[in-house]
Each structure stands twice: as structure tokens, then as C-alpha cells.
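Q: coords_18.cif (mmCIF, C-alpha atoms and all ligand atoms) pasted underneath:
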```
data_run
#
loop_
_atom_site.label_atom_id
_atom_site.label_comp_id
_atom_site.auth_asym_id
_atom_site.auth_seq_id
_atom_site.Cartn_x
_atom_site.Cartn_y
_atom_site.Cartn_z
CA MET A 1 8.68 11.49 -36.13
CA HIS A 2 11.73 13.43 -35.06
CA LEU A 3 14.10 11.50 -32.73
CA THR A 4 16.99 12.97 -30.77
CA ARG A 5 20.46 11.45 -31.11
CA ASP A 6 20.00 9.54 -27.80
CA GLU A 7 16.64 8.22 -28.93
CA GLU A 8 18.17 7.05 -32.24
CA LEU A 9 20.88 5.19 -30.30
CA ALA A 10 18.32 3.56 -28.01
CA LEU A 11 16.32 2.50 -31.07
CA ALA A 12 19.46 0.98 -32.59
CA GLY A 13 19.94 -1.15 -29.45
CA GLU A 14 22.96 0.70 -28.04
CA ASN A 15 21.42 0.70 -24.56
CA GLY A 16 20.29 -2.93 -24.49
CA PRO A 17 17.43 -4.99 -25.89
CA GLY A 18 14.80 -3.99 -23.29
CA LEU A 19 15.04 -0.29 -24.09
CA GLN A 20 15.27 -1.06 -27.81
CA ARG A 21 11.97 -3.00 -27.80
CA ALA A 22 10.27 -0.24 -25.86
CA MET A 23 11.56 2.40 -28.30
CA GLU A 24 10.42 0.34 -31.29
CA LEU A 25 6.89 0.24 -29.89
CA LEU A 26 6.78 3.98 -29.14
CA VAL A 27 8.16 4.88 -32.58
CA ALA A 28 5.59 2.61 -34.25
CA LEU A 29 2.79 4.25 -32.23
CA GLY A 30 4.15 7.72 -32.96
CA ARG A 31 4.20 7.02 -36.69
CA ILE A 32 0.66 5.63 -36.70
CA TYR A 33 -0.65 8.75 -34.94
CA ASP A 34 1.60 11.18 -36.75
CA ALA A 35 3.34 12.40 -33.58
CA GLU A 36 5.91 15.10 -34.10
CA ARG A 37 8.27 13.82 -31.34
CA LEU A 38 8.47 12.09 -27.96
CA VAL A 39 7.80 14.05 -24.77
CA PRO A 40 9.07 13.22 -21.25
CA ILE A 41 6.51 11.75 -18.85
CA ALA A 42 6.27 12.19 -15.08
CA SER A 43 4.76 8.77 -14.32
CA ALA A 44 3.14 5.68 -15.77
CA HIS A 45 0.38 3.33 -14.68
CA LEU A 46 0.18 -0.15 -16.18
CA SER A 47 -2.73 -2.47 -16.93
CA GLY A 48 -2.24 -6.09 -18.00
CA VAL A 49 -1.62 -7.49 -14.53
CA SER A 50 -4.18 -10.22 -13.87
CA TYR A 51 -3.22 -13.70 -15.02
CA LYS A 52 -6.89 -14.07 -15.95
CA THR A 53 -6.60 -11.31 -18.56
CA ILE A 54 -3.03 -11.70 -19.89
CA GLY A 55 -2.66 -15.49 -19.60
CA ASP A 56 0.50 -17.47 -20.37
CA GLY A 57 1.34 -15.27 -23.37
CA GLY A 58 1.51 -12.17 -21.18
CA LEU A 59 3.49 -13.93 -18.48
CA ASP A 60 6.02 -15.26 -21.05
CA PHE A 61 6.44 -11.73 -22.47
CA LEU A 62 7.08 -10.26 -19.01
CA GLU A 63 9.54 -13.06 -18.10
CA GLU A 64 11.40 -12.39 -21.33
CA ILE A 65 11.57 -8.59 -21.11
CA SER A 66 12.02 -8.11 -17.34
CA PRO A 67 15.71 -9.11 -17.04
CA THR A 68 16.81 -6.38 -19.47
CA ALA A 69 14.21 -3.62 -19.02
CA LYS A 70 13.80 -1.14 -16.18
CA VAL A 71 11.22 1.59 -15.77
CA THR A 72 12.71 5.08 -15.55
CA VAL A 73 9.74 6.98 -14.06
CA PRO A 74 7.48 6.21 -11.04
CA THR A 75 5.24 3.42 -12.28
CA THR A 76 2.26 1.75 -10.59
CA LEU A 77 0.22 -1.37 -11.35
CA ASN A 78 -3.45 -2.08 -11.89
CA PRO A 79 -5.28 -4.79 -9.92
CA ALA A 80 -4.12 -8.39 -10.17
CA GLY A 81 -6.30 -11.51 -10.26
CA MET A 82 -6.21 -12.08 -6.51
CA ASP A 83 -5.45 -10.60 -3.11
CA LEU A 84 -1.74 -11.36 -2.99
CA ASP A 85 -2.03 -12.56 0.64
CA ARG A 86 -5.59 -13.85 0.98
CA TRP A 87 -6.00 -15.64 -2.34
CA ARG A 88 -6.89 -18.96 -0.74
CA GLU A 89 -9.85 -17.31 1.04
CA MET A 90 -11.01 -16.07 -2.38
CA GLY A 91 -11.06 -19.64 -3.72
CA VAL A 92 -8.16 -19.04 -6.14
CA ASP A 93 -6.32 -22.24 -7.09
CA GLU A 94 -2.59 -22.93 -6.62
CA GLU A 95 -1.69 -22.81 -10.31
CA PHE A 96 -3.38 -19.44 -10.87
CA ALA A 97 -1.73 -18.09 -7.71
CA ALA A 98 1.75 -19.25 -8.79
CA LYS A 99 1.39 -17.62 -12.21
CA GLN A 100 -0.07 -14.42 -10.76
CA THR A 101 2.84 -14.23 -8.32
CA ALA A 102 5.31 -14.68 -11.20
CA ILE A 103 3.67 -11.77 -13.07
CA ILE A 104 3.99 -9.47 -10.05
CA ARG A 105 7.63 -10.51 -9.55
CA ALA A 106 8.43 -9.76 -13.21
CA TYR A 107 6.98 -6.26 -12.87
CA GLY A 108 8.91 -5.84 -9.61
CA ARG A 109 12.18 -6.78 -11.36
CA MET A 110 11.56 -3.91 -13.77
CA GLY A 111 11.24 -1.46 -10.87
CA VAL A 112 7.42 -1.15 -10.97
CA GLN A 113 5.68 -0.47 -7.62
CA THR A 114 3.63 -3.60 -7.02
CA ASN A 115 0.84 -2.12 -4.92
CA CYS A 116 -1.93 -3.19 -7.31
CA THR A 117 -4.77 -0.68 -7.55
CA CYS A 118 -6.84 1.14 -10.15
CA THR A 119 -6.88 4.28 -7.96
CA PRO A 120 -3.14 5.00 -7.60
CA TYR A 121 -4.01 8.71 -7.70
CA LEU A 122 -5.51 8.31 -4.19
CA THR A 123 -2.41 6.72 -2.72
CA GLY A 124 0.67 8.52 -4.02
CA ASN A 125 0.85 8.39 -7.84
CA SER A 126 -1.07 11.62 -8.40
CA PRO A 127 0.03 13.57 -11.50
CA LYS A 128 0.06 17.36 -11.35
CA GLN A 129 -1.91 19.68 -13.61
CA GLY A 130 -0.26 20.01 -17.02
CA GLU A 131 2.13 17.06 -16.59
CA ALA A 132 2.43 14.51 -19.39
CA VAL A 133 2.02 10.92 -18.19
CA ALA A 134 1.33 7.51 -19.80
CA TRP A 135 -1.49 5.75 -18.03
CA ALA A 136 -3.44 2.64 -18.92
CA GLU A 137 -6.66 1.69 -17.04
CA SER A 138 -9.50 3.59 -18.61
CA SER A 139 -11.07 4.81 -15.35
CA ALA A 140 -7.80 6.10 -13.93
CA LEU A 141 -6.58 7.81 -17.07
CA SER A 142 -9.90 9.58 -17.50
CA PHE A 143 -9.68 10.79 -13.90
CA VAL A 144 -6.13 12.02 -14.53
CA ASN A 145 -7.18 13.99 -17.62
CA SER A 146 -10.47 15.29 -16.33
CA VAL A 147 -10.03 15.88 -12.61
CA LEU A 148 -6.30 16.34 -12.10
CA GLY A 149 -5.68 18.17 -15.38
CA ALA A 150 -2.62 16.08 -16.29
CA ARG A 151 -2.36 14.66 -19.83
CA THR A 152 -2.44 11.08 -20.98
CA ASN A 153 -3.71 9.15 -23.94
CA ARG A 154 -5.84 6.06 -23.49
CA GLU A 155 -2.82 3.78 -23.28
CA GLY A 156 -2.92 0.01 -23.55
CA GLY A 157 -0.74 -2.11 -21.26
CA PRO A 158 2.20 -2.52 -23.71
CA GLY A 159 2.23 1.18 -24.70
CA ALA A 160 2.23 2.31 -21.06
CA LEU A 161 5.01 -0.17 -20.20
CA ALA A 162 7.13 0.99 -23.16
CA ALA A 163 6.63 4.62 -22.10
CA ALA A 164 7.58 3.75 -18.51
CA ILE A 165 10.83 2.14 -19.72
CA VAL A 166 11.77 4.97 -22.10
CA GLY A 167 10.41 7.71 -19.80
CA LYS A 168 8.68 9.32 -22.78
CA THR A 169 5.55 9.03 -24.89
CA PRO A 170 4.65 10.17 -28.43
CA LEU A 171 3.11 13.65 -28.60
CA TYR A 172 -0.38 13.14 -30.04
CA GLY A 173 -4.04 12.81 -29.03
CA LEU A 174 -4.90 14.10 -25.56
CA HIS A 175 -1.40 15.50 -25.05
CA LEU A 176 -2.45 18.24 -27.48
CA GLU A 177 -4.66 21.10 -26.29
CA GLU A 178 -6.92 21.03 -29.33
CA ASN A 179 -8.01 17.44 -28.62
CA ARG A 180 -8.94 18.19 -25.00
CA ARG A 181 -11.64 20.75 -25.76
CA PRO A 182 -15.29 19.83 -25.14
CA THR A 183 -17.19 18.49 -28.14
CA VAL A 184 -20.67 18.32 -26.55
CA VAL A 185 -22.44 19.94 -23.60
CA VAL A 186 -24.23 17.58 -21.21
CA GLU A 187 -26.99 19.17 -19.18
CA ALA A 188 -27.68 16.78 -16.33
CA GLU A 189 -30.17 16.89 -13.50
CA THR A 190 -28.47 17.26 -10.12
CA PHE A 191 -27.40 13.78 -9.06
CA ASP A 192 -25.54 13.31 -5.76
CA GLU A 193 -25.87 9.63 -4.95
CA ILE A 194 -22.82 7.76 -6.13
CA THR A 195 -24.69 4.99 -7.99
CA ASP A 196 -26.76 7.61 -9.82
CA LEU A 197 -23.54 9.30 -10.94
CA SER A 198 -22.18 5.96 -12.09
CA LEU A 199 -25.36 5.30 -14.08
CA LEU A 200 -25.23 8.83 -15.50
CA GLY A 201 -21.69 8.03 -16.67
CA HIS A 202 -22.98 4.84 -18.27
CA ALA A 203 -25.82 6.65 -20.05
CA VAL A 204 -23.47 9.38 -21.31
CA GLY A 205 -20.81 6.91 -22.46
CA THR A 206 -23.42 4.79 -24.25
CA LYS A 207 -24.91 7.79 -26.05
CA LEU A 208 -21.79 9.84 -26.77
CA GLY A 209 -19.10 7.20 -27.41
CA SER A 210 -15.70 8.86 -27.58
CA ALA A 211 -16.83 12.50 -27.24
CA VAL A 212 -15.31 15.00 -24.78
CA PRO A 213 -18.42 15.90 -22.74
CA TYR A 214 -18.76 19.14 -20.76
CA PHE A 215 -21.08 18.58 -17.78
CA LYS A 216 -23.32 21.32 -16.43
CA GLY A 217 -25.62 20.90 -13.44
CA ILE A 218 -23.65 18.41 -11.35
CA ARG A 219 -20.93 18.92 -8.71
CA PRO A 220 -19.71 15.42 -7.86
CA ASP A 221 -17.07 14.87 -5.18
CA CYS A 222 -13.94 12.81 -5.78
CA ASN A 223 -15.80 9.51 -5.35
CA GLY A 224 -18.54 10.54 -7.76
CA LEU A 225 -15.96 11.64 -10.31
CA LYS A 226 -14.03 8.38 -10.16
CA THR A 227 -17.14 6.27 -10.64
CA MET A 228 -18.41 8.48 -13.48
CA ALA A 229 -15.02 8.33 -15.20
CA ALA A 230 -15.04 4.53 -14.95
CA ALA A 231 -18.59 4.15 -16.25
CA MET A 232 -18.14 6.52 -19.21
CA ALA A 233 -14.92 4.84 -20.27
CA ALA A 234 -16.50 1.38 -20.08
CA ALA A 235 -19.79 2.19 -21.83
CA GLY A 236 -18.19 4.41 -24.47
CA SER A 237 -14.53 5.25 -24.74
CA VAL A 238 -14.53 8.62 -23.01
CA ALA A 239 -10.97 9.42 -21.92
CA MET A 240 -11.53 13.08 -21.07
CA PHE A 241 -14.50 15.04 -19.76
CA HIS A 242 -15.09 18.41 -18.17
CA VAL A 243 -17.25 19.19 -15.16
CA GLU A 244 -18.06 22.85 -14.81
CA GLY A 245 -16.25 24.28 -11.82
CA VAL A 246 -14.26 21.09 -11.23
CA THR A 247 -11.99 20.32 -14.20
CA PRO A 248 -8.85 22.48 -13.94
CA GLY A 249 -8.71 25.33 -16.43
CA ASN A 250 -12.14 24.76 -17.95
CA LYS A 251 -13.45 28.26 -17.19
CA GLU A 252 -11.97 29.42 -20.47
CA GLN A 253 -13.66 26.70 -22.55
CA ASP A 254 -15.67 28.02 -25.45
CA LEU A 255 -18.98 26.17 -25.62
CA LYS A 256 -20.50 28.25 -28.42
CA GLY A 257 -22.02 26.17 -31.19
CA LEU A 258 -21.67 22.83 -29.38
CA GLU A 259 -24.51 20.31 -29.42
CA ARG A 260 -26.40 20.13 -26.09
CA VAL A 261 -27.74 16.84 -24.74
CA GLY A 262 -29.92 16.48 -21.64
CA PHE A 263 -29.89 13.55 -19.19
CA GLU A 264 -32.67 13.07 -16.68
CA ARG A 265 -33.70 10.63 -13.98
CA GLU A 266 -35.44 8.47 -16.59
CA ASP A 267 -32.10 7.93 -18.35
CA ILE A 268 -30.61 6.75 -15.07
CA SER A 269 -33.49 4.32 -14.44
CA ARG A 270 -33.20 3.00 -17.99
CA ALA A 271 -29.46 2.42 -17.58
CA ARG A 272 -30.04 0.55 -14.33
CA ASP A 273 -32.74 -1.64 -15.89
CA THR A 274 -30.51 -2.46 -18.86
CA LEU A 275 -27.59 -3.43 -16.65
CA THR A 276 -29.64 -5.59 -14.26
CA THR A 277 -29.91 -9.13 -15.61
CA GLY A 278 -30.18 -11.19 -12.40
CA ARG A 279 -32.19 -11.30 -9.18
CA GLU A 280 -30.45 -13.22 -6.42
CA PRO A 281 -26.77 -12.38 -6.01
CA ASP A 282 -24.39 -14.90 -4.46
CA LEU A 283 -21.67 -12.21 -4.36
CA ILE A 284 -21.90 -8.52 -3.52
CA ALA A 285 -18.79 -6.73 -4.72
CA LEU A 286 -18.22 -3.07 -3.90
CA GLY A 287 -15.24 -0.95 -4.91
CA CYS A 288 -15.10 -0.43 -8.67
CA PRO A 289 -12.97 1.68 -8.91
CA HIS A 290 -11.26 0.71 -5.65
CA LEU A 291 -12.85 2.15 -2.51
CA SER A 292 -11.36 5.38 -1.23
CA GLN A 293 -10.69 6.08 2.43
CA MET A 294 -13.87 8.18 2.51
CA GLU A 295 -15.96 5.33 1.05
CA MET A 296 -14.48 2.85 3.56
CA LYS A 297 -15.54 5.20 6.36
CA MET A 298 -19.01 5.68 4.90
CA LEU A 299 -19.62 1.94 4.44
CA ALA A 300 -18.32 1.17 7.93
CA SER A 301 -20.63 3.80 9.44
CA MET A 302 -23.60 2.35 7.53
CA LEU A 303 -22.86 -1.13 8.96
CA ASP A 304 -21.55 -0.30 12.42
CA GLY A 305 -23.81 -1.65 15.16
CA LYS A 306 -25.72 -3.94 12.75
CA ARG A 307 -25.66 -7.73 12.69
CA PRO A 308 -24.65 -9.75 9.64
CA ARG A 309 -27.55 -11.66 8.11
CA LYS A 310 -27.29 -15.41 8.28
CA ASP A 311 -27.12 -17.03 4.81
CA GLY A 312 -26.54 -13.67 3.10
CA PRO A 313 -24.39 -13.56 -0.03
CA GLU A 314 -20.60 -13.38 0.16
CA VAL A 315 -19.34 -9.78 0.23
CA TRP A 316 -16.14 -8.22 -1.09
CA PHE A 317 -15.06 -4.68 -0.33
CA CYS A 318 -12.35 -4.05 -2.96
CA THR A 319 -9.72 -1.46 -2.15
CA SER A 320 -6.02 -0.78 -2.31
CA ARG A 321 -3.57 -2.19 0.22
CA THR A 322 -2.68 1.38 1.25
CA VAL A 323 -6.28 2.40 1.95
CA ARG A 324 -6.84 -0.82 3.91
CA THR A 325 -3.79 0.06 6.02
CA TRP A 326 -5.13 3.59 6.55
CA CYS A 327 -8.52 2.24 7.74
CA PRO A 328 -7.95 -0.38 10.47
CA LYS A 329 -11.14 0.43 12.42
CA GLU A 330 -13.32 0.50 9.31
CA THR A 331 -11.73 -2.71 8.05
CA ALA A 332 -12.59 -4.42 11.34
CA VAL A 333 -16.26 -3.37 10.96
CA LEU A 334 -16.47 -4.43 7.30
CA GLU A 335 -14.75 -7.77 7.97
CA ARG A 336 -17.70 -8.78 10.16
CA PHE A 337 -19.82 -8.74 7.00
CA GLY A 338 -17.38 -9.84 4.30
CA LYS A 339 -13.80 -9.60 3.10
CA VAL A 340 -11.85 -6.41 2.56
CA VAL A 341 -9.84 -7.62 -0.43
CA CYS A 342 -6.80 -5.77 -1.78
CA ASP A 343 -4.77 -5.93 -5.00
CA THR A 344 -7.73 -7.18 -7.06
CA CYS A 345 -11.36 -6.65 -8.07
CA MET A 346 -14.55 -8.43 -9.08
CA ILE A 347 -13.70 -8.20 -12.78
CA VAL A 348 -10.07 -9.34 -12.98
CA ALA A 349 -10.36 -12.07 -10.30
CA PRO A 350 -11.64 -15.46 -11.55
CA ILE A 351 -15.02 -15.08 -9.78
CA GLU A 352 -16.73 -17.19 -12.45
CA ASN A 353 -15.26 -20.29 -10.77
CA GLN A 354 -17.28 -19.60 -7.60
CA HIS A 355 -20.18 -17.28 -8.42
CA ARG A 356 -23.08 -16.99 -10.84
CA CYS A 357 -24.75 -13.67 -9.95
CA THR A 358 -22.96 -10.58 -8.66
CA ALA A 359 -24.45 -7.38 -7.24
CA THR A 360 -22.61 -4.09 -7.35
CA ASN A 361 -23.22 -0.35 -7.38
CA SER A 362 -20.74 0.32 -10.20
CA ALA A 363 -21.98 0.70 -13.77
CA LYS A 364 -18.49 -0.16 -15.02
CA ALA A 365 -18.52 -3.47 -13.15
CA CYS A 366 -22.10 -4.13 -14.37
CA THR A 367 -20.89 -3.59 -17.94
CA TYR A 368 -18.06 -6.13 -17.72
CA LEU A 369 -19.45 -8.76 -15.33
CA PRO A 370 -21.50 -10.60 -18.02
CA SER A 371 -18.79 -10.71 -20.69
CA LEU A 372 -15.61 -11.09 -18.63
CA CYS A 373 -16.98 -13.07 -15.67
CA SER A 374 -20.07 -14.90 -17.05
CA GLN A 375 -22.22 -13.30 -14.33
CA LYS A 376 -25.82 -12.31 -14.05
CA VAL A 377 -25.88 -8.81 -12.56
CA VAL A 378 -27.84 -6.90 -9.94
CA CYS A 379 -27.25 -3.15 -9.99
CA GLY A 380 -28.10 -1.31 -6.76
CA SER A 381 -27.04 1.54 -4.53
CA TYR A 382 -24.81 1.10 -1.48
CA ALA A 383 -27.85 1.37 0.78
CA GLU A 384 -29.87 -1.21 -1.18
CA LEU A 385 -27.01 -3.70 -1.33
CA LEU A 386 -26.08 -3.36 2.32
CA ARG A 387 -29.68 -4.17 3.25
CA LEU A 388 -29.06 -7.65 1.75
CA ILE A 389 -26.34 -8.37 4.30
CA ALA A 390 -27.25 -6.51 7.51
FE1 LIG B 1 -10.82 -1.01 -10.99
FE2 LIG B 1 -11.50 -3.46 -11.52
FE3 LIG B 1 -13.28 -1.55 -11.67
S1 LIG B 1 -9.65 -2.47 -12.16
S2 LIG B 1 -12.14 0.27 -12.24
S3 LIG B 1 -12.23 -2.21 -9.82
S4 LIG B 1 -13.04 -3.21 -13.11
#
```
As C-alpha cells, what does this structure read like?
A:
Amino acid sequence: MHLTRDEELALAGENGPGLQRAMELLVALGRIYDAERLVPIASAHLSGVSYKTIGDGGLDFLEEISPTAKVTVPTTLNPAGMDLDRWREMGVDEEFAAKQTAIIRAYGRMGVQTNCTCTPYLTGNSPKQGEAVAWAESSALSFVNSVLGARTNREGGPGALAAAIVGKTPLYGLHLEENRRPTVVVEAETFDEITDLSLLGHAVGTKLGSAVPYFKGIRPDCNGLKTMAAAMAAAGSVAMFHVEGVTPGNKEQDLKGLERVGFEREDISRARDTLTTGREPDLIALGCPHLSQMEMKMLASMLDGKRPRKDGPEVWFCTSRTVRTWCPKETAVLERFGKVVCDTCMIVAPIENQHRCTATNSAKACTYLPSLCSQKVVCGSYAELLRLIA
């Protein structure tokens, strides 16, 4: 891989050990993927934030690197293992909270914005069409590629952090036009309901793996697109998809000769049946990916004027701190039925210490709840799940 004189110096440690370690990682990645050179990035988004997922090893690494490394582009963080203010109400213990706080402080020392959310594109970190970025978090990076038309590979936490420090990323994979073209046409029935779109994403991801699907027949809004992106990335490893009339620049795509695969309501029902493994939830968790302002309004309007059921399950509405601040009236309505939790989600919080069966409308959450949180799962729509609490 070709390196400029400045990059060579950084690699040799002339600009300190933090930058040197980051360069070493990017050069190693670039060599593995045969990248021609590094390209500047406009922003980064980092995963590897919850103490539950990165543990003491991750914390030690961040403590070690943070005094000598600084990010050089706007950089945001994925959800942590707890609401940074209301962790006691979530049943998080003191030791977990202390370590989670230390992780956030280490990222803060490096100049990372510590507003922990998997939907940073809704609250300020929104890459422009054609920009190169380095994003981790499979749902967010797929949204960036497919809806915003910016370019990122499916970064892991360390690769995204290294890119944030250097301000560059190796030029390979989805940064190259030829790897962004559709590889299969998906002809889907018209689905509008958000849970149906999530389940469609699950069915497509399961069947097509790491393809670049081109969807015909659906016109999801922003909320539908974010849940589809999340589900496809979790069930398969889809990091880029096209939706006809939605994905920037896809009018020119040549679909001649591509395989065509149909998805119908039966596929959605099958996905839902496969994901449902429990019957009586003791937690209902909504907001995977984090609830948008529009979803907060919709949920509040569905619950406004109703009375909370006695002895209903605990409820979490997971969103970003910014969206919660934008929605004071909606938050007040939702808080009568459960907790509007920020900075975290049902997957990266240690819910297994409190709960056995979780209900959600997100196929991504349904995919990970059994393996990462030891949960039985109930998959249902917003309307079905709200009927359990109001
Ligand atoms: Fe976000 Fe957690 Fe889902 S990080 S996409 S809410 S698993």
C-alpha cells in the first residue's frame, strides 16, 4: 500500500505512540485487503462501548491508549451498557457502573463525543452523499451506505477507532464503486408496518448473506429503512442495499442478468415464528435501533389517554439522549408506562441479571437476545406490544 511521507513518519512513531498504533492497524488492514492507499474520512462512529461486550480487556486497552491518542475527525459512540444517569433504576450494579463510566471517560479523553447512540445520523453525525467515513455498528453503517449514499466498510471497533485517530481509512471494499453495485434483485410485497419491514430485513439477510440487494416494491420511510438495515446486517452481513427510488444515485444501476428473489407475507410470518421462542415477557424493550423523534411521537400518541396495566411487564423505550431532550412531552407520556432509557439498549445492557423473556418489535434485537442476553423472545408489532401494557 502506498503511504505518503507524513504517513510513513506517523508509522515510524514520529508523532507519538497513539498515532503509531493506529497507523499500524490501518496499514495491516490495508495490506490484508490489498488497498492501494489511505483516503481521508469525514467522520467515524465507534462500537465497543459497553463494559458487557468489551470487558476488562477492552477497558485496559482504552486506558492505555487514551492518554496519547486523539481523534482527528468528528467521532461518535455506540450505546453503552447503561443509561449513564439512571443506571441504578435499571438494576445495574456499582462495579459495572464504575467500569462503564471509566470506558466513557477514556473515549472522552480521546476527543470522542460521548452521546452514546446507534443512530448518530439522526442527531448530528450525518455523512453526506459520496463522503468516505469509517463507521462501526452494522445497522448504522448500512444506513450510511444505503440511505445517505456515503461510503464505509463494515468496520470493527478497533478499525474505526484507528481511522478516527489517523483521520483516514484504507481504500478497499465499499469505498470502491464496483463493490457497491447490486448483486441480486429483491421483489418484495408492499410492506409498510415497521415490524414487517424489520422481519423482511431478517428474511433477506438470512437468505442472501452478504449480498448487495436491490429492493423493488417497497418505499419505506426513514424508520423502516433503519430497522431493515439493522435486521439484514444481523441476520446476514449486509452492509449495503439499494431501495428503488430511495438510495441516492441508484437510478443508473444496471440490473440486467441479476438473480431475482421474491419475498412474500409468508416469509415474514415464518421469520416471526422462528424468532419467537417465549410467551410471557417480563421486559418489553422498544428502540432497536434507537427510537427516532417520529417514533417517540407515534408511541406517545398510541399511549396518550390510556392507563398503565397493573402487573404488566417492565418497559424500556430506548433512544438517544438528544432525541429524549427533543421530546419532553412524549417522554412524559411514555414514562407513565415505563422508562425512556438513553445511552444504552436491550442488547448491550446486562438485562440477563434481571429478566428472562423480552418482547420487542425489532428483528435485530430478536436475533441477539438469546445469544447475548440469554433471553426467551417474543416478537410483536408496536400495537401488539403496547396492548400488553395499556
Ligand atoms: Fe442499536 Fe442496540 Fe439495536 S446498539 S441497533 S439498539 S442492538
Q: Using all atoms listed in the file, find the one residue out of A:Thr53, A:Thr101, A:Asn15, A:Gln293 that sits nearest to ligand LIG 1 (chain B).
A: A:Thr53
Q: Rank nothing, just name the residue among A:Trp316, A:Trp87, A:Phe191, A:Tyr214 nearest to ligand LIG 1 (chain B), using all atoms listed in the file.
A: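 Smallest distance to ligand LIG 1 (chain B) is found for A:Trp316.
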Q: Taking only C-alpha atoms and all ligand atoms into account, which residues are within 10 Å of ligand LIG 1 (chain B), as a PyMOL selection string?
A: chain A and resi 47+49-50+77-81+116-119+137-140+226-227+229-231+233-234+285-291+318-320+343-349+362-369+372
Q: So which one's closest to A:Thr206, A:Leu11, A:Ala383, A:Ala235, A:Cys357? Using all atoms listed in the file, please.
A: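 Selected residue with least distance to A:Thr206: A:Ala235.
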Q: Between atom CA of A:Gln113 and atom CA of A:Thr76, what is the distance in Å, rounded to a tenth?
A: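 Between atom CA of A:Gln113 and atom CA of A:Thr76 the gap works out to 5.0 Å.
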